[in-house]
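Structure data follow from my_file.cif (mmCIF, C-alpha atoms):
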data_coords
#
loop_
_atom_site.label_atom_id
_atom_site.label_comp_id
_atom_site.auth_asym_id
_atom_site.auth_seq_id
_atom_site.Cartn_x
_atom_site.Cartn_y
_atom_site.Cartn_z
CA MET A 15 -20.51 -26.63 -13.87
CA ASN A 16 -17.51 -24.42 -13.06
CA ILE A 17 -18.23 -21.94 -10.24
CA GLU A 18 -15.67 -19.48 -11.70
CA ASN A 19 -17.67 -19.33 -14.94
CA ILE A 20 -20.82 -18.47 -12.99
CA GLU A 21 -18.89 -15.88 -10.97
CA ALA A 22 -17.70 -14.21 -14.21
CA PHE A 23 -21.28 -14.17 -15.55
CA VAL A 24 -22.66 -12.52 -12.40
CA TYR A 25 -19.85 -9.94 -12.24
CA ILE A 26 -20.18 -8.97 -15.91
CA ASN A 27 -23.89 -8.38 -15.45
CA HIS A 28 -23.28 -6.36 -12.28
CA TYR A 29 -20.54 -4.13 -13.75
CA GLY A 30 -21.85 -4.07 -17.34
CA SER A 31 -18.41 -4.75 -18.77
CA PHE A 32 -16.06 -7.66 -19.43
CA ASN A 33 -13.06 -5.40 -18.69
CA LYS A 34 -14.45 -4.15 -15.38
CA ALA A 35 -15.36 -7.68 -14.27
CA ALA A 36 -11.81 -8.80 -15.13
CA GLU A 37 -10.37 -5.91 -13.10
CA VAL A 38 -12.47 -6.69 -10.03
CA LEU A 39 -11.76 -10.44 -10.26
CA PHE A 40 -8.02 -9.78 -10.79
CA ILE A 41 -7.87 -11.85 -13.98
CA SER A 42 -7.34 -10.92 -17.62
CA GLN A 43 -10.15 -9.90 -19.95
CA PRO A 44 -9.46 -12.89 -22.28
CA THR A 45 -9.85 -15.20 -19.26
CA VAL A 46 -13.26 -13.67 -18.49
CA SER A 47 -14.29 -14.11 -22.13
CA ALA A 48 -13.12 -17.73 -22.09
CA ARG A 49 -15.16 -18.44 -18.95
CA ILE A 50 -18.32 -17.00 -20.52
CA GLN A 51 -17.76 -18.97 -23.73
CA SER A 52 -17.39 -22.14 -21.67
CA LEU A 53 -20.58 -21.38 -19.73
CA GLU A 54 -22.50 -20.61 -22.91
CA ARG A 55 -21.38 -23.93 -24.45
CA GLU A 56 -22.45 -25.79 -21.33
CA LEU A 57 -25.87 -24.10 -21.30
CA ASP A 58 -26.17 -24.18 -25.09
CA SER A 59 -27.34 -20.58 -24.90
CA VAL A 60 -25.97 -17.13 -25.70
CA LEU A 61 -25.99 -15.14 -22.45
CA PHE A 62 -24.82 -11.69 -23.58
CA ASP A 63 -25.45 -9.40 -26.51
CA ARG A 64 -22.16 -7.68 -27.36
CA LEU A 65 -22.20 -4.28 -29.05
CA GLY A 66 -18.63 -3.00 -29.02
CA LYS A 67 -17.67 -2.50 -25.38
CA GLN A 68 -21.31 -2.50 -24.28
CA VAL A 69 -22.85 -5.78 -23.12
CA SER A 70 -26.38 -6.67 -22.08
CA LEU A 71 -28.15 -9.86 -21.12
CA THR A 72 -30.04 -11.82 -23.72
CA ASP A 73 -33.45 -13.27 -22.85
CA LYS A 74 -31.68 -16.53 -21.96
CA GLY A 75 -29.19 -14.60 -19.83
CA ARG A 76 -31.97 -12.88 -17.91
CA GLN A 77 -33.64 -16.22 -17.27
CA PHE A 78 -30.43 -17.75 -15.97
CA LEU A 79 -29.30 -14.76 -13.84
CA PRO A 80 -31.31 -15.43 -10.62
CA TYR A 81 -30.18 -19.06 -10.59
CA ALA A 82 -26.54 -18.05 -11.14
CA GLN A 83 -26.75 -15.51 -8.31
CA GLN A 84 -28.26 -18.11 -5.99
CA ILE A 85 -25.61 -20.71 -6.90
CA LEU A 86 -22.79 -18.22 -6.28
CA GLN A 87 -24.27 -17.00 -3.00
CA THR A 88 -24.81 -20.57 -1.74
CA PHE A 89 -21.25 -21.53 -2.67
CA GLN A 90 -19.77 -18.49 -0.90
CA LYS A 91 -21.83 -19.15 2.24
CA GLY A 92 -20.78 -22.80 2.29
CA LYS A 93 -17.12 -21.90 1.78
CA HIS A 94 -17.28 -19.32 4.56
CA GLN A 95 -18.90 -21.85 6.91
CA LEU A 96 -16.23 -24.47 6.30
CA GLN A 97 -13.39 -21.98 6.72
CA SER A 98 -14.95 -20.53 9.86
CA LYS A 99 -15.12 -24.00 11.41
CA ALA A 100 -11.52 -24.67 10.46
CA ARG A 101 -10.16 -21.49 12.04
CA ILE A 102 -7.98 -21.76 15.08
CA LEU A 103 -9.53 -19.78 17.91
CA HIS A 104 -7.72 -16.57 18.76
CA GLU A 105 -5.61 -16.50 15.62
CA LEU A 106 -5.11 -13.49 13.36
CA LYS A 107 -3.58 -14.10 9.94
CA ILE A 108 -1.89 -11.01 8.54
CA GLY A 109 -0.66 -10.58 4.98
CA SER A 110 1.85 -7.95 3.99
CA THR A 111 4.22 -6.86 1.28
CA VAL A 112 7.96 -7.32 1.83
CA SER A 113 8.62 -3.70 2.82
CA VAL A 114 5.81 -3.72 5.38
CA SER A 115 7.08 -7.00 6.85
CA ASN A 116 10.58 -5.58 7.14
CA TYR A 117 9.90 -2.07 8.42
CA LEU A 118 6.38 -1.77 9.87
CA LEU A 119 5.22 -5.13 11.18
CA PRO A 120 7.72 -5.72 14.01
CA GLN A 121 6.41 -2.77 16.01
CA LEU A 122 2.79 -3.36 14.98
CA LEU A 123 2.93 -7.00 16.10
CA THR A 124 4.36 -5.95 19.44
CA HIS A 125 1.47 -3.51 19.84
CA LEU A 126 -1.11 -6.16 18.94
CA LYS A 127 0.44 -8.67 21.34
CA GLN A 128 0.15 -6.19 24.19
CA LYS A 129 -3.51 -5.61 23.34
CA TYR A 130 -4.32 -9.29 22.69
CA PRO A 131 -1.84 -11.29 24.82
CA HIS A 132 -3.46 -14.68 24.18
CA MET A 133 -3.70 -14.36 20.43
CA LEU A 134 -1.48 -16.09 17.86
CA PHE A 135 -0.34 -13.86 14.98
CA LYS A 136 0.61 -15.51 11.70
CA VAL A 137 2.31 -13.41 8.98
CA THR A 138 2.34 -14.13 5.25
CA THR A 139 4.63 -12.04 3.04
CA GLU A 140 3.63 -11.86 -0.63
CA PRO A 141 3.16 -9.32 -3.46
CA THR A 142 -0.05 -7.27 -3.44
CA ASP A 143 -1.87 -9.30 -6.11
CA VAL A 144 -1.20 -12.58 -4.26
CA LEU A 145 -2.38 -11.10 -0.95
CA ILE A 146 -5.62 -9.95 -2.56
CA GLU A 147 -6.34 -13.47 -3.78
CA LYS A 148 -5.55 -14.91 -0.35
CA LEU A 149 -7.86 -12.38 1.31
CA LYS A 150 -10.68 -13.21 -1.11
CA ALA A 151 -10.17 -16.90 -0.30
CA LYS A 152 -10.11 -16.10 3.46
CA GLU A 153 -6.62 -17.56 3.80
CA ILE A 154 -5.66 -14.33 5.60
CA ASP A 155 -7.77 -11.94 7.70
CA VAL A 156 -6.23 -8.53 6.96
CA ALA A 157 -3.55 -7.34 4.57
CA PHE A 158 -1.12 -4.46 4.18
CA ILE A 159 -0.84 -3.74 0.46
CA ARG A 160 -0.33 -1.05 -2.13
CA LYS A 161 -3.45 0.95 -2.99
CA VAL A 162 -6.24 -1.04 -4.64
CA MET A 163 -9.91 -0.36 -5.40
CA ASN A 164 -12.30 -3.29 -4.98
CA PRO A 165 -15.91 -3.19 -3.72
CA ALA A 166 -15.39 -6.47 -1.85
CA PHE A 167 -12.87 -4.84 0.51
CA GLN A 168 -12.87 -2.19 3.17
CA SER A 169 -9.70 -0.19 2.64
CA TYR A 170 -7.89 2.38 4.80
CA LEU A 171 -4.80 4.42 4.03
CA PHE A 172 -2.42 3.22 6.73
CA TYR A 173 0.96 4.80 6.06
CA GLU A 174 2.52 7.26 3.63
CA ASP A 175 6.27 6.85 3.26
CA PRO A 176 7.92 9.81 1.47
CA ILE A 177 10.25 8.88 -1.38
CA SER A 178 13.47 10.90 -1.54
CA LEU A 179 16.82 10.73 -3.25
CA TYR A 180 19.60 9.22 -1.13
CA VAL A 181 23.32 9.48 -1.78
CA TYR A 182 26.27 7.86 -0.07
CA GLU A 183 28.63 9.48 2.41
CA GLY A 184 31.10 11.75 0.61
CA HIS A 185 28.99 12.20 -2.53
CA PRO A 186 29.26 15.73 -4.05
CA LEU A 187 25.56 16.41 -3.36
CA ALA A 188 25.76 15.33 0.28
CA LYS A 189 26.88 18.69 1.67
CA ALA A 190 24.21 20.76 -0.07
CA GLY A 191 21.33 18.47 0.92
CA HIS A 192 19.28 19.60 -2.06
CA ALA A 193 19.51 19.49 -5.85
CA SER A 194 17.58 19.86 -9.10
CA ILE A 195 16.53 16.83 -11.10
CA LEU A 196 18.88 18.19 -13.78
CA ASP A 197 21.81 17.76 -11.38
CA ILE A 198 21.45 13.99 -11.42
CA GLN A 199 21.04 13.46 -15.18
CA PHE A 200 24.48 11.95 -15.51
CA GLU A 201 24.61 10.20 -12.14
CA PRO A 202 24.54 6.37 -12.05
CA LEU A 203 21.13 5.50 -10.63
CA VAL A 204 20.03 2.49 -8.62
CA PHE A 205 16.31 2.19 -9.39
CA PHE A 206 14.14 0.31 -6.93
CA GLU A 207 10.97 -0.79 -8.74
CA CYS A 208 7.98 -2.18 -6.86
CA GLY A 209 5.37 -1.74 -9.60
CA SER A 210 3.13 0.69 -7.73
CA LEU A 211 1.54 3.85 -9.09
CA ASP A 212 3.81 5.87 -6.79
CA TRP A 213 6.90 4.71 -8.68
CA MET A 214 5.21 5.41 -12.01
CA ARG A 215 5.00 9.07 -10.95
CA LEU A 216 8.76 9.03 -10.46
CA GLN A 217 9.29 7.50 -13.90
CA ARG A 218 7.14 10.22 -15.46
CA VAL A 219 9.48 12.85 -13.98
CA PHE A 220 12.43 11.06 -15.59
CA LYS A 221 10.70 10.87 -18.98
CA SER A 222 10.08 14.63 -18.95
CA LEU A 223 13.82 15.22 -19.15
CA GLU A 224 15.74 15.56 -22.39
CA GLN A 225 18.42 13.39 -20.83
CA PRO A 226 16.89 10.99 -18.22
CA PRO A 227 19.10 9.72 -15.36
CA GLN A 228 21.31 6.76 -16.24
CA ILE A 229 19.79 3.66 -14.61
CA VAL A 230 22.65 1.22 -14.10
CA TYR A 231 20.89 -1.11 -11.65
CA GLN A 232 17.16 -1.89 -11.55
CA VAL A 233 16.22 -4.00 -8.54
CA ASP A 234 13.01 -5.15 -6.83
CA ASN A 235 14.43 -5.41 -3.32
CA LEU A 236 14.96 -2.45 -1.01
CA GLU A 237 17.84 -4.01 0.88
CA THR A 238 19.70 -4.61 -2.38
CA ALA A 239 19.11 -1.00 -3.46
CA LYS A 240 20.31 0.38 -0.12
CA LYS A 241 23.49 -1.69 -0.10
CA LEU A 242 24.39 -0.68 -3.64
CA VAL A 243 24.18 2.99 -2.62
CA VAL A 244 26.13 2.45 0.60
CA GLN A 245 28.81 0.70 -1.49
CA LYS A 246 28.91 3.81 -3.74
CA ALA A 247 27.62 2.00 -6.82
CA GLY A 248 25.12 4.79 -7.47
CA ILE A 249 22.41 6.93 -5.91
CA SER A 250 18.76 6.00 -5.45
CA PHE A 251 15.22 7.18 -4.74
CA LEU A 252 14.04 5.23 -1.69
CA PRO A 253 11.18 5.33 0.84
CA ALA A 254 12.28 6.97 4.10
CA LEU A 255 11.17 4.16 6.41
CA SER A 256 13.58 1.69 4.82
CA VAL A 257 16.69 3.82 5.34
CA GLN A 258 16.27 5.14 8.89
CA ASP A 259 19.19 3.17 10.32
CA GLU A 260 21.55 4.14 7.50
CA VAL A 261 20.57 7.82 7.70
CA ASN A 262 21.04 7.88 11.47
CA ALA A 263 24.48 6.29 11.04
CA GLY A 264 25.45 8.79 8.32
CA ARG A 265 25.89 6.12 5.64
CA LEU A 266 23.05 7.54 3.53
CA ILE A 267 22.18 11.21 3.09
CA PRO A 268 18.75 12.44 1.92
CA ILE A 269 18.71 14.99 -0.89
CA SER A 270 15.70 17.24 -1.43
CA ILE A 271 14.58 17.55 -5.07
CA SER A 272 11.63 19.85 -5.76
CA GLU A 273 10.55 18.02 -8.95
CA THR A 274 9.88 14.82 -6.98
CA ALA A 275 8.47 16.40 -3.81
CA GLY A 276 5.22 14.88 -2.63
CA ILE A 277 5.83 11.43 -4.10
CA SER A 278 5.32 8.78 -1.45
CA LEU A 279 4.84 5.05 -1.11
CA ARG A 280 1.32 4.43 0.20
CA THR A 281 0.36 1.39 2.24
CA SER A 282 -3.31 0.47 2.70
CA LEU A 283 -4.85 -1.82 5.31
CA ILE A 284 -7.64 -3.93 3.83
CA ALA A 285 -10.07 -6.65 4.88
CA LEU A 286 -13.22 -8.18 3.49
CA ASN A 287 -16.28 -5.99 4.01
CA GLY A 288 -17.72 -6.34 7.49
CA GLU A 289 -14.98 -8.60 8.85
CA ASN A 290 -12.23 -8.20 11.51
CA ALA A 291 -13.37 -4.67 12.38
CA GLU A 292 -11.94 -4.92 15.91
CA TYR A 293 -8.39 -5.61 14.71
CA ILE A 294 -8.56 -3.00 11.97
CA THR A 295 -9.61 -0.45 14.58
CA ALA A 296 -6.72 -1.47 16.86
CA LEU A 297 -4.20 -1.09 14.03
CA LEU A 298 -5.57 2.25 12.86
CA GLU A 299 -5.66 3.59 16.41
CA HIS A 300 -2.01 2.66 16.85
CA GLU A 301 -1.01 4.40 13.64
CA SER A 302 -3.08 7.53 14.30
CA SER A 303 -1.80 7.82 17.86
CA GLY A 304 1.43 9.31 16.52
CA SER A 305 3.58 6.36 17.54
CA GLU A 306 7.04 6.55 16.06
CA ILE A 307 7.97 3.71 13.72
CA ASP A 308 11.38 2.54 14.86
#
Encoded form using structure tokens:
Amino acid sequence: MNIENIEAFVYINHYGSFNKAAEVLFISQPTVSARIQSLERELDSVLFDRLGKQVSLTDKGRQFLPYAQQILQTFQKGKHQLQSKARILHELKIGSTVSVSNYLLPQLLTHLKQKYPHMLFKVTTEPTDVLIEKLKAKEIDVAFIRKVMNPAFQSYLFYEDPISLYVYEGHPLAKAGHASILDIQFEPLVFFECGSLDWMRLQRVFKSLEQPPQIVYQVDNLETAKKLVVQKAGISFLPALSVQDEVNAGRLIPISISETAGISLRTSLIALNGENAEYITALLEHESSGSEID
């Protein structure tokens, strides 16, 4: 019997929806449906009554539920026990997105090393969805990700990085330091896309225009976006943390645009519920202490 099929069954009953269970498990709704169909074939029983988007347990489903819950709980306890035994003492495994690894982690790791001098810190850099799976599997202890809602995690807003327009040295907008979104309609735009809700807000501003800005480069790497602007290939909306060195050196100039004010890239610190509280507290204390991010 496949444990993932039982997990899908328990989650659907808990959330009352195939779609919600799929969202929480970070899989597609068709995958959830396929898992239930497989379980029903194996048990030779229909487990759910389906009325449109509403689902409820059949009599057979209600009979099976306590056994499924016990199987899932026993499996999770056994998995946790094995992974706990396998852990290296005094090791903290941290997951982070690329931008956090590049611009936040160096100083944070230095802070943690000062606080825990005998601890080994291991960093894994992956996209948010991969980090969530690794955290669920206890392959990492804490993670810095884009905002996510999941009842299995404790989540804290860690850092808000304002997104602004940046132009290269000598650009016509550089002297003014501010502009309207209409002023950049015909400017070649380097668009950094990381797939977060924060960037979707920026895209909605573009779509509200009769003539949206001309995107000539769409990239998924901040360093690539920065270098294209420095080389005068276009202008770009970028998070402030990633361009500190270039702004200080005068190679990039921030431009204030009222229509995009308040848009920021949000980083959350997450861990499984009830775990690694000491290290989360240490990280949050460091961030709230007002320490400058170099």
* Please identify all polymer residues lying at most 12 Å from the point (-3.7, -13.1, 6.8) (file coordinates), using all atoms listed in the file, and present the result as a count of residues only. => 37
* To do: Figure out the distance between atom CA of A:Leu61 and atom CA of A:Val24, please, to one decimal in Å.
  =>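 Atom CA of A:Leu61 lies 10.9 Å from atom CA of A:Val24.
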* Pull out every residue that the PyMOL selection byres ((chain A and resi 243) around 12) matches in the shown coordinates and put them as a ChimeraX atom specification. => /A:179-185,201-206,230-231,236-242,244-252,257,260-261,265-268
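Applied to this file, the PyMOL selection byres ((chain A and resi 67) around 10) selects Gly30, Ser31, Phe32, Asn33, Arg64, Leu65, Gly66, Gln68 and Val69 of chain A.
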* Can you list what the PyMOL selection byres ((chain A and resi 278) around 7) grabs from this structure, as an NGL selection string? -> :A and (174-177 or 212 or 276-277 or 279-280)
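Closest approach to A:Glu289 from the set A:Glu224, A:Ser169, A:Val60, A:Ile26 is made by A:Ser169, with distances taken over only C-alpha atoms.
Comparing A:Gln228, A:Gln84, A:Ser222, A:Asn16 by their smallest distance to A:Phe200, the closest is A:Gln228 (using all atoms listed in the file).
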* Using all atoms listed in the file, which of the listed residues (A:Gln232, A:Gln51, A:Leu39, A:Ile198) sits closest to A:Asp143? -> A:Leu39
* For atom CA of A:His104 and atom CA of A:Ser282, determine how far apart the two atoms are, in Å to one decimal place. => 23.8 Å
* Structure fact -> One residue among A:Ser272, A:Ser42, A:Gln225, A:Glu37 is nearest to A:Gly191 when using all atoms listed in the file, and that residue is A:Ser272
* When distances are computed from only C-alpha atoms, which of A:Leu171, A:Ile269, A:Ile85, A:Ala48 shows the smallest separation from A:Glu21? -> A:Ile85
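Here atom CA of A:Phe220 and atom CA of A:Asn262 stand 28.6 Å from one another.
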Hey, could you pull the box centre and edge lengths for stretch 182-199 of chain A, axis-aligned, 4 Å padding per side, all listed atoms, to one decimal in Å, as AutoDock Vina command-line options?
--center_x 23.8 --center_y 14.3 --center_z -6.4 --size_x 22.6 --size_y 20.9 --size_z 25.6
* From the list A:Ser270, A:Gln168, A:Asn27, A:Thr124, which residue is nearest A:Leu71 when using all atoms listed in the file? ->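 With all atoms listed in the file as the atom set, the closest residue is A:Asn27.
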Please return stretch 119-139 of chain A, rebuilt to N, CA and C atoms, as a PDB file, in the frame of the given file.
ATOM      1  N   LEU A 119       5.871  -4.084  10.386  1.00  0.00           N
ATOM      2  CA  LEU A 119       5.220  -5.130  11.180  1.00  0.00           C
ATOM      3  C   LEU A 119       5.852  -5.404  12.542  1.00  0.00           C
ATOM      4  N   PRO A 120       7.183  -5.393  12.679  1.00  0.00           N
ATOM      5  CA  PRO A 120       7.720  -5.720  14.010  1.00  0.00           C
ATOM      6  C   PRO A 120       7.105  -4.901  15.134  1.00  0.00           C
ATOM      7  N   GLN A 121       6.990  -3.595  14.957  1.00  0.00           N
ATOM      8  CA  GLN A 121       6.410  -2.770  16.010  1.00  0.00           C
ATOM      9  C   GLN A 121       4.901  -2.978  16.106  1.00  0.00           C
ATOM     10  N   LEU A 122       4.234  -3.148  14.962  1.00  0.00           N
ATOM     11  CA  LEU A 122       2.790  -3.360  14.980  1.00  0.00           C
ATOM     12  C   LEU A 122       2.419  -4.657  15.686  1.00  0.00           C
ATOM     13  N   LEU A 123       3.202  -5.713  15.448  1.00  0.00           N
ATOM     14  CA  LEU A 123       2.930  -7.000  16.100  1.00  0.00           C
ATOM     15  C   LEU A 123       3.122  -6.908  17.599  1.00  0.00           C
ATOM     16  N   THR A 124       4.130  -6.157  18.005  1.00  0.00           N
ATOM     17  CA  THR A 124       4.360  -5.950  19.440  1.00  0.00           C
ATOM     18  C   THR A 124       3.162  -5.240  20.070  1.00  0.00           C
ATOM     19  N   HIS A 125       2.653  -4.237  19.364  1.00  0.00           N
ATOM     20  CA  HIS A 125       1.470  -3.510  19.840  1.00  0.00           C
ATOM     21  C   HIS A 125       0.263  -4.438  19.950  1.00  0.00           C
ATOM     22  N   LEU A 126       0.044  -5.247  18.923  1.00  0.00           N
ATOM     23  CA  LEU A 126      -1.110  -6.160  18.940  1.00  0.00           C
ATOM     24  C   LEU A 126      -0.977  -7.194  20.061  1.00  0.00           C
ATOM     25  N   LYS A 127       0.235  -7.667  20.296  1.00  0.00           N
ATOM     26  CA  LYS A 127       0.440  -8.670  21.340  1.00  0.00           C
ATOM     27  C   LYS A 127       0.144  -8.100  22.723  1.00  0.00           C
ATOM     28  N   GLN A 128       0.468  -6.840  22.913  1.00  0.00           N
ATOM     29  CA  GLN A 128       0.150  -6.190  24.190  1.00  0.00           C
ATOM     30  C   GLN A 128      -1.361  -6.059  24.376  1.00  0.00           C
ATOM     31  N   LYS A 129      -2.059  -5.800  23.281  1.00  0.00           N
ATOM     32  CA  LYS A 129      -3.510  -5.610  23.340  1.00  0.00           C
ATOM     33  C   LYS A 129      -4.255  -6.941  23.411  1.00  0.00           C
ATOM     34  N   TYR A 130      -3.694  -7.963  22.729  1.00  0.00           N
ATOM     35  CA  TYR A 130      -4.320  -9.290  22.690  1.00  0.00           C
ATOM     36  C   TYR A 130      -3.273 -10.340  23.094  1.00  0.00           C
ATOM     37  N   PRO A 131      -2.954 -10.441  24.375  1.00  0.00           N
ATOM     38  CA  PRO A 131      -1.840 -11.290  24.820  1.00  0.00           C
ATOM     39  C   PRO A 131      -2.024 -12.777  24.548  1.00  0.00           C
ATOM     40  N   HIS A 132      -3.240 -13.251  24.379  1.00  0.00           N
ATOM     41  CA  HIS A 132      -3.460 -14.680  24.180  1.00  0.00           C
ATOM     42  C   HIS A 132      -3.674 -15.049  22.710  1.00  0.00           C
ATOM     43  N   MET A 133      -3.449 -14.105  21.845  1.00  0.00           N
ATOM     44  CA  MET A 133      -3.700 -14.360  20.430  1.00  0.00           C
ATOM     45  C   MET A 133      -2.425 -14.775  19.707  1.00  0.00           C
ATOM     46  N   LEU A 134      -2.581 -15.681  18.726  1.00  0.00           N
ATOM     47  CA  LEU A 134      -1.480 -16.090  17.860  1.00  0.00           C
ATOM     48  C   LEU A 134      -1.540 -15.245  16.588  1.00  0.00           C
ATOM     49  N   PHE A 135      -0.409 -14.667  16.195  1.00  0.00           N
ATOM     50  CA  PHE A 135      -0.340 -13.860  14.980  1.00  0.00           C
ATOM     51  C   PHE A 135       0.516 -14.589  13.945  1.00  0.00           C
ATOM     52  N   LYS A 136      -0.086 -14.814  12.783  1.00  0.00           N
ATOM     53  CA  LYS A 136       0.610 -15.510  11.700  1.00  0.00           C
ATOM     54  C   LYS A 136       0.772 -14.537  10.532  1.00  0.00           C
ATOM     55  N   VAL A 137       2.015 -14.394  10.031  1.00  0.00           N
ATOM     56  CA  VAL A 137       2.310 -13.410   8.980  1.00  0.00           C
ATOM     57  C   VAL A 137       2.658 -14.123   7.679  1.00  0.00           C
ATOM     58  N   THR A 138       2.049 -13.655   6.599  1.00  0.00           N
ATOM     59  CA  THR A 138       2.340 -14.130   5.250  1.00  0.00           C
ATOM     60  C   THR A 138       2.865 -12.948   4.435  1.00  0.00           C
ATOM     61  N   THR A 139       4.025 -13.101   3.836  1.00  0.00           N
ATOM     62  CA  THR A 139       4.630 -12.040   3.040  1.00  0.00           C
ATOM     63  C   THR A 139       4.564 -12.408   1.562  1.00  0.00           C
TER      64      THR A 139
END
